[in-house]
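**Student:** Take a look at this one; I'll ask things after.
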Amino acid sequence: MVSFSKSTLEKIFQKQVLKNLTDSKKLSEKKRESLYTEIYSCADLVVHQFISNKFIDKFGISYSIFDAIRKLVKKSKHCNLYLLIDGNYDFKAHQTNTGFYFPYRSIVKGDSKVASISAASIIAKVKRDRFMDAVAEKFPEYEFKRHKGYGTALHFAKIREHGMSVIHRKSFQLKEGAHGV
């Protein structure tokens, strides 16, 4: 979760700060790392939450994302947040079931459209990539440094060769025909 002040947003729109801010997937690792540092220096609020593979396996991806957002809201210690969320999420049922409500708007491809979502996507990707680099040390046979755990042909080949590791989501199934599976 990233929040910018009105004056910082004006500087972003005028390309005075965070000039290359966009969807993290469209940036090189070097540019993401540079923006990561700049985001922390410009933002009013930056909070991040990892979701474990075991939690996702137990509760599913939708509830896991909702729960991570719930934790982010609590970590932020801010009242009156209105969240802009990348994707097409509807958390009404989770909010009703848990009694934890937060106002939000889901924006499809928001990481290409909204500065705070772009910034949050960069923070999340840099932190995840760093985590995967550390995991690569423990599981060198999967070559995580090369694919960062994303669904590449190499990653799928390594799963076929070595099976699932303890960090893989058991609920994620390789689909027939995906990268030669």
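Going by the structure tokens order, chains are called A, B, ..., each with residues numbered from 1, while ligands are numbered from 1 in the order shown.
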I want to know what sits within 12 Å of segment 82-90 of chain A, based on only C-alpha atoms, with residues of the same chain fewer than 6 positions away left out; could you give that as a ChimeraX atom specification?
**Tutor:** /A:1-3,23,61-66,69-70,72-73,76,96,101-121
**Student:** With C-alpha atoms retained, could you export that selection as a PDB file, in the first residue's frame?
**Tutor:**
```pdb
ATOM      1  CA  MET A   1       0.000   0.000   0.000  1.00  0.00           C
ATOM      2  CA  VAL A   2       1.406   3.366  -1.030  1.00  0.00           C
ATOM      3  CA  SER A   3      -0.055   6.810  -0.472  1.00  0.00           C
ATOM      4  CA  ASP A  23       3.421  -1.001 -13.978  1.00  0.00           C
ATOM      5  CA  ILE A  61      -6.343 -16.445  -3.278  1.00  0.00           C
ATOM      6  CA  SER A  62      -9.358 -14.114  -2.930  1.00  0.00           C
ATOM      7  CA  TYR A  63      -9.584 -14.342   0.857  1.00  0.00           C
ATOM      8  CA  SER A  64      -5.784 -14.234   1.142  1.00  0.00           C
ATOM      9  CA  ILE A  65      -5.652 -10.938  -0.749  1.00  0.00           C
ATOM     10  CA  PHE A  66      -8.504  -9.558   1.364  1.00  0.00           C
ATOM     11  CA  ILE A  69      -5.323  -5.763   2.695  1.00  0.00           C
ATOM     12  CA  ARG A  70      -6.955  -5.989   6.138  1.00  0.00           C
ATOM     13  CA  LEU A  72      -2.195  -3.395   5.592  1.00  0.00           C
ATOM     14  CA  VAL A  73      -5.053  -1.175   6.736  1.00  0.00           C
ATOM     15  CA  SER A  76      -1.088   1.883   8.257  1.00  0.00           C
ATOM     16  CA  THR A  96     -19.542  -9.187   5.687  1.00  0.00           C
ATOM     17  CA  TYR A 101     -14.893  -3.038   6.218  1.00  0.00           C
ATOM     18  CA  PHE A 102     -12.791  -0.660   4.174  1.00  0.00           C
ATOM     19  CA  PRO A 103     -13.905   1.509   1.273  1.00  0.00           C
ATOM     20  CA  TYR A 104     -12.181   0.594  -1.977  1.00  0.00           C
ATOM     21  CA  ARG A 105     -12.335   0.630  -5.740  1.00  0.00           C
ATOM     22  CA  SER A 106     -10.908  -2.139  -7.898  1.00  0.00           C
ATOM     23  CA  ILE A 107      -9.259  -0.883 -11.075  1.00  0.00           C
ATOM     24  CA  VAL A 108      -8.422  -3.329 -13.852  1.00  0.00           C
ATOM     25  CA  LYS A 109      -4.834  -2.685 -15.000  1.00  0.00           C
ATOM     26  CA  GLY A 110      -4.608  -0.107 -12.213  1.00  0.00           C
ATOM     27  CA  ASP A 111      -0.836  -0.562 -12.035  1.00  0.00           C
ATOM     28  CA  SER A 112      -0.665   1.151 -15.454  1.00  0.00           C
ATOM     29  CA  LYS A 113      -3.224   3.861 -14.622  1.00  0.00           C
ATOM     30  CA  VAL A 114      -2.863   5.020 -10.998  1.00  0.00           C
ATOM     31  CA  ALA A 115       0.361   6.364  -9.430  1.00  0.00           C
ATOM     32  CA  SER A 116      -0.176   4.820  -5.996  1.00  0.00           C
ATOM     33  CA  ILE A 117      -1.014   1.411  -7.501  1.00  0.00           C
ATOM     34  CA  SER A 118       2.048   1.602  -9.786  1.00  0.00           C
ATOM     35  CA  ALA A 119       4.210   2.451  -6.792  1.00  0.00           C
ATOM     36  CA  ALA A 120       2.716  -0.378  -4.712  1.00  0.00           C
ATOM     37  CA  SER A 121       3.313  -2.826  -7.572  1.00  0.00           C
TER      38      SER A 121
END
```
**Student:** So which bits of segment 115-181 of chain A end up alpha helix (DSSP H) when you DSSP the backbone, as a compact mmCIF listing (two decimals) with C-alpha atoms, in the first residue's frame?
**Tutor:**
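File result_7.txt, as written:
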```txt
# COMPACT_ATOMS: atom_id res chain seq x y z
CA ALA A 115 0.36 6.36 -9.43
CA SER A 116 -0.18 4.82 -6.00
CA ILE A 117 -1.01 1.41 -7.50
CA SER A 118 2.05 1.60 -9.79
CA ALA A 119 4.21 2.45 -6.79
CA ALA A 120 2.72 -0.38 -4.71
CA SER A 121 3.31 -2.83 -7.57
CA ILE A 122 6.98 -1.79 -7.67
CA ILE A 123 7.40 -2.14 -3.90
CA ALA A 124 5.73 -5.56 -3.98
CA LYS A 125 7.73 -6.82 -6.97
CA VAL A 126 11.10 -5.67 -5.60
CA LYS A 127 10.38 -7.22 -2.19
CA ARG A 128 9.14 -10.45 -3.79
CA ASP A 129 12.14 -10.67 -6.12
CA ARG A 130 14.50 -10.17 -3.19
CA PHE A 131 12.64 -12.88 -1.28
CA MET A 132 12.90 -15.24 -4.26
CA ASP A 133 16.65 -14.53 -4.53
CA ALA A 134 16.98 -15.63 -0.89
CA VAL A 135 14.84 -18.71 -1.58
CA ALA A 136 17.10 -19.52 -4.54
CA GLU A 137 19.96 -20.04 -2.10
CA LYS A 138 17.96 -22.74 -0.29
CA PHE A 144 14.53 -19.14 -8.81
CA LYS A 145 17.07 -16.37 -9.47
CA ARG A 146 16.28 -16.75 -13.18
CA HIS A 147 12.47 -16.82 -13.11
CA ALA A 153 8.83 -22.61 -19.16
CA LEU A 154 11.99 -22.97 -17.05
CA HIS A 155 10.05 -22.86 -13.79
CA PHE A 156 7.57 -25.47 -15.00
CA ALA A 157 10.42 -27.67 -16.25
CA LYS A 158 12.08 -27.49 -12.82
CA ILE A 159 8.83 -28.45 -11.10
CA ARG A 160 8.44 -31.42 -13.45
CA GLU A 161 12.07 -32.40 -12.78
CA HIS A 162 12.14 -31.94 -8.98
```
**Student:** For Ser52 of chain A, find every residue with an atom within 9 Å (counting only C-alpha atoms), except residues of its own chain fewer than 3 positions away, and show them as a PDB file with N, CA and C atoms, in the first residue's frame.
**Tutor:**
```
ATOM      1  N   PHE A  55      -0.860 -20.161   3.536  1.00  0.00           N
ATOM      2  CA  PHE A  55      -2.107 -19.427   3.804  1.00  0.00           C
ATOM      3  C   PHE A  55      -2.991 -19.442   2.561  1.00  0.00           C
ATOM      4  N   ILE A  56      -2.392 -19.191   1.398  1.00  0.00           N
ATOM      5  CA  ILE A  56      -3.152 -19.206   0.145  1.00  0.00           C
ATOM      6  C   ILE A  56      -3.740 -20.591  -0.097  1.00  0.00           C
ATOM      7  N   ASP A  57      -2.938 -21.638   0.129  1.00  0.00           N
ATOM      8  CA  ASP A  57      -3.442 -23.005  -0.049  1.00  0.00           C
ATOM      9  C   ASP A  57      -4.631 -23.292   0.870  1.00  0.00           C
ATOM     10  N   SER A  64      -7.166 -14.563   0.758  1.00  0.00           N
ATOM     11  CA  SER A  64      -5.784 -14.234   1.142  1.00  0.00           C
ATOM     12  C   SER A  64      -5.448 -12.789   0.802  1.00  0.00           C
ATOM     13  N   ILE A 167       7.967 -24.320  -0.748  1.00  0.00           N
ATOM     14  CA  ILE A 167       7.510 -22.941  -0.938  1.00  0.00           C
ATOM     15  C   ILE A 167       6.502 -22.813  -2.084  1.00  0.00           C
ATOM     16  N   ARG A 169       2.947 -23.259  -3.990  1.00  0.00           N
ATOM     17  CA  ARG A 169       1.540 -23.373  -3.611  1.00  0.00           C
ATOM     18  C   ARG A 169       1.012 -24.702  -4.124  1.00  0.00           C
TER      19      ARG A 169
END
```
**Student:** How many Å separate atom CA of Leu35 of chain A from atom CA of Tyr150 of chain A?
**Tutor:**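 If I compute the distance from atom CA of Leu35 of chain A to atom CA of Tyr150 of chain A, I get 21.6 Å.
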**Student:** Using only C-alpha atoms for the distances, tell me which of A:Lys15, A:Ser165, A:Leu45, A:His94 is nearest to Phe59 of chain A.
**Tutor:**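 Using only C-alpha atoms, Phe59 of chain A sits closest to A:His94.
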**Student:** So, counting only C-alpha atoms, which residue among A:Thr22, A:Lys77, A:Asn53, A:Cys42 is closest to Lys6 of chain A?
**Tutor:**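 For Lys6 of chain A, the nearest of the given residues is A:Cys42.
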**Student:** Could you find all residues in segment 4-161 of chain A that DSSP calls strand (DSSP E) from the backbone, and write them as a PyMOL selection string?
**Tutor:** chain A and resi 45-46+83-86+104-107
**Student:** Mind dumping the selected residues with N, CA and C atoms as a compact mmCIF listing (two decimals), in the first residue's frame?
**Tutor:**
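Full text of selection.txt as output:
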```
# COMPACT_ATOMS: atom_id res chain seq x y z
N LEU A 45 3.12 7.18 2.88
CA LEU A 45 2.86 5.89 3.51
C LEU A 45 3.29 4.78 2.57
N VAL A 46 4.08 3.84 3.09
CA VAL A 46 4.42 2.61 2.37
C VAL A 46 4.33 1.47 3.37
N LEU A 83 -9.17 2.90 -0.56
CA LEU A 83 -8.16 2.11 -1.25
C LEU A 83 -8.46 1.95 -2.72
N LEU A 84 -7.44 2.14 -3.53
CA LEU A 84 -7.49 1.86 -4.96
C LEU A 84 -6.70 0.57 -5.14
N ILE A 85 -7.35 -0.46 -5.66
CA ILE A 85 -6.77 -1.80 -5.71
C ILE A 85 -6.66 -2.25 -7.16
N ASP A 86 -5.48 -2.74 -7.51
CA ASP A 86 -5.26 -3.27 -8.85
C ASP A 86 -6.02 -4.57 -9.03
N TYR A 104 -13.18 0.85 -0.95
CA TYR A 104 -12.18 0.59 -1.98
C TYR A 104 -12.81 0.65 -3.36
N ARG A 105 -11.94 0.74 -4.34
CA ARG A 105 -12.34 0.63 -5.74
C ARG A 105 -11.31 -0.25 -6.43
N SER A 106 -11.78 -1.29 -7.09
CA SER A 106 -10.91 -2.14 -7.90
C SER A 106 -10.76 -1.51 -9.27
N ILE A 107 -9.53 -1.48 -9.77
CA ILE A 107 -9.26 -0.88 -11.08
C ILE A 107 -8.47 -1.89 -11.91
```
**Student:** Using only C-alpha atoms, which protein or nucleic acid residues come within 9 Å of His168 of chain A? Drop anything in the same chain fewer than 2 positions from it, and give the result as number ranges by chain.
**Tutor:** A: 53-54, 149, 164-166, 170-172
**Student:** For atom CA of Leu27 of chain A and atom CA of Lys148 of chain A, quote the distance in Å rounded to one decimal.
**Tutor:** 15.0 Å
**Student:** When you draw a straight line from atom CA of Phe13 of chain A to atom CA of Glu29 of chain A, how long is it in Å?
**Tutor:**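 Between these atoms lies a distance of 22.9 Å.
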